[in-house]
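All remarks here apply to the structure that follows.
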Amino acid sequence: QMQLQESGPGLVKPSETLSLTCTVSGGSIGTSAYYWGWIRQPPGKGLEWIGSIYFTESTYQNPSLESRLTMLVDKSKNQFSLTLSSVTAADTAFYYCARLRGTYAYWYFDLWGRGTLVTVSS
Amino acid sequence: QSVLTQPPSVSGAPGQRVTISCTGSSSDIGAIYDIHWYQQLPGTAPKLLIYANNNRPSGVPDRFSASTSGTSASLAITGLQAEDEGDYYCQSYDSRLSGSVFGGGTKLTVL
């Protein structure tokens with residue numbers, strides 16, 4: 001059974017870059033069956049879609065984050081990653097990686113990682 | 001502010017039926033994009049509850065159902081149980097943003 005696990009620093013300084021990796025186990029990230037994505041949730045608040053990526057490295061990004069966001073797929077390691085530059089306290093959140101099913105615009109997130117808390121603070 | 005609007009909270013007694021609304025616009029629900037629902041129990045990651053308007057993943061009880069009408073969607077939970085207490089989110093696609101959008105979430109309290 002496929003599982004997703006986020007990893008990365010739990011603390012990032014303001015103006016620096018946040019980098020997270022999602023490791024996929026129990027299946028291949030290189031399948032055409034799924035997209036892969038990131039969602040975040042500030043503590044005590046709601047969910048925000050960050051972006052989605054296909055194994056071909058086609059990306060779909062939240063316009064509000066696009067200028068600071070990079071997403072990549074590493075098929076050799078069965079991982080996908082997120083980097084968010086010039087972070088501020090507003091980027092403090094639980095970050096979840098997820099598997100997406102369905103065709104473009106009809107996606108849904110059918111499998112989630114446990115999430116990792118990233119705090120932006122000096 | 002979320003593109004999809006949900007009530008902040010709903011409550012019900014065990015055994016009762018509750019509904020959670022999700023109101024969108026002509027660029028998301030009204031544009032015939034699918035609505036999906038997620039359940040987030042305290043301290044856990046969200047879990048897919050309903051996909052493509054009214055389909056339950058394997059393992060989700062049939063106490064959970066959903067419907068859409070125009071620019072609104074609704075999640076219904078019948079036979080309310082204490083273990084249902086948590087946050088519920090709707091999700092769709094917004095053509096103006098060219099991306100996925102979530103509702104602000106609804107906190108369900110079982111009295």
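Residues are referred to by chain and number: the chain letter is A, B, ... according to the order shown in the structure tokens, the number counts from 1 in that chain, and ligands are numbered separately from 1 in the order shown.
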
Can you check which parts of chain A lie within 6 Å of chain B? Per residue, the shortest pair of atoms and distance in Å to one decimal, counting only C-alpha atoms, sorted by chain and number, as JSON lines.
```
{"residue": "A:Gly46", "atom": "CA", "partner": "B:Gly104", "partner_atom": "CA", "distance": 5.4}
{"residue": "A:Ala105", "atom": "CA", "partner": "B:Tyr93", "partner_atom": "CA", "distance": 5.5}
{"residue": "A:Tyr106", "atom": "CA", "partner": "B:Asp34", "partner_atom": "CA", "distance": 5.7}
{"residue": "A:Asp110", "atom": "CA", "partner": "B:Leu48", "partner_atom": "CA", "distance": 5.5}
{"residue": "A:Arg114", "atom": "CA", "partner": "B:Ala45", "partner_atom": "CA", "distance": 5.5}
```

Take the residues that were just selected and, keeping all heavy atoms, output them as a CSV table (one decimal), in the first residue's frame.
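Full text of result-v2.csv as output:
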```csv
chain,number,residue,atom,x,y,z
A,46,GLY,N,-7.4,26.9,8.0
A,46,GLY,CA,-7.8,26.0,6.9
A,46,GLY,C,-6.7,25.6,6.0
A,46,GLY,O,-5.5,26.0,6.1
A,105,ALA,N,-8.1,19.4,-13.3
A,105,ALA,CA,-9.2,20.3,-12.9
A,105,ALA,C,-10.3,19.4,-12.2
A,105,ALA,O,-11.2,20.0,-11.6
A,105,ALA,CB,-9.8,21.0,-14.0
A,106,TYR,N,-10.2,18.1,-12.2
A,106,TYR,CA,-11.1,17.3,-11.5
A,106,TYR,C,-10.4,16.5,-10.4
A,106,TYR,O,-10.9,15.5,-9.9
A,106,TYR,CB,-11.9,16.4,-12.5
A,106,TYR,CG,-12.8,17.1,-13.4
A,106,TYR,CD1,-12.2,17.7,-14.6
A,106,TYR,CD2,-14.1,17.4,-13.2
A,106,TYR,CE1,-13.0,18.4,-15.5
A,106,TYR,CE2,-14.9,18.1,-14.0
A,106,TYR,CZ,-14.4,18.6,-15.2
A,106,TYR,OH,-15.1,19.4,-16.0
A,110,ASP,N,-6.3,11.9,-2.7
A,110,ASP,CA,-6.9,10.6,-2.1
A,110,ASP,C,-5.9,10.0,-1.1
A,110,ASP,O,-6.3,9.0,-0.5
A,110,ASP,CB,-7.2,9.6,-3.2
A,110,ASP,CG,-6.0,8.9,-3.8
A,110,ASP,OD1,-5.0,9.6,-4.0
A,110,ASP,OD2,-6.2,7.8,-4.2
A,114,ARG,N,1.5,12.4,6.6
A,114,ARG,CA,1.1,12.8,8.0
A,114,ARG,C,1.3,14.3,8.2
A,114,ARG,O,0.7,14.9,9.2
A,114,ARG,CB,2.0,12.1,9.0
A,114,ARG,CG,1.6,10.6,9.1
A,114,ARG,CD,2.4,10.0,10.3
A,114,ARG,NE,1.9,8.7,10.6
A,114,ARG,CZ,2.2,7.9,11.7
A,114,ARG,NH1,3.1,8.4,12.5
A,114,ARG,NH2,1.8,6.7,11.9
```

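Summary of the local environment: counting only C-alpha atoms, residues at most 8 Å from range 13-18 of chain B, other than itself and those fewer than 6 positions away along its chain, are Ala76, Ile77, Thr78, Gly79, Leu80, Gln81, Ala82, Val110 and Leu111 of chain B.
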
Problem set entry | Those in chain B with strand (DSSP E) from DSSP, as number ranges by chain | B: 9-12, 18-23, 36-40, 47-50, 64-69, 72-77, 86-94, 99-102, 106-110

Exercise. What is the CA of Thr23 in chain B-CA of Asn62 in chain A distance in Å, reported with one decimal?
Worked result: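 Answer for the CA of Thr23 in chain B to CA of Asn62 in chain A separation: 20.6 Å.
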
Problem set entry | Polymer residues at most 9 Å from Gly113 in chain A, only C-alpha atoms, same-chain spacing of 2 or more positions, as JSON, numbers by chain | {"A": [3, 4, 5, 6, 22, 96, 97, 98, 99, 111, 115, 116], "B": [45]}
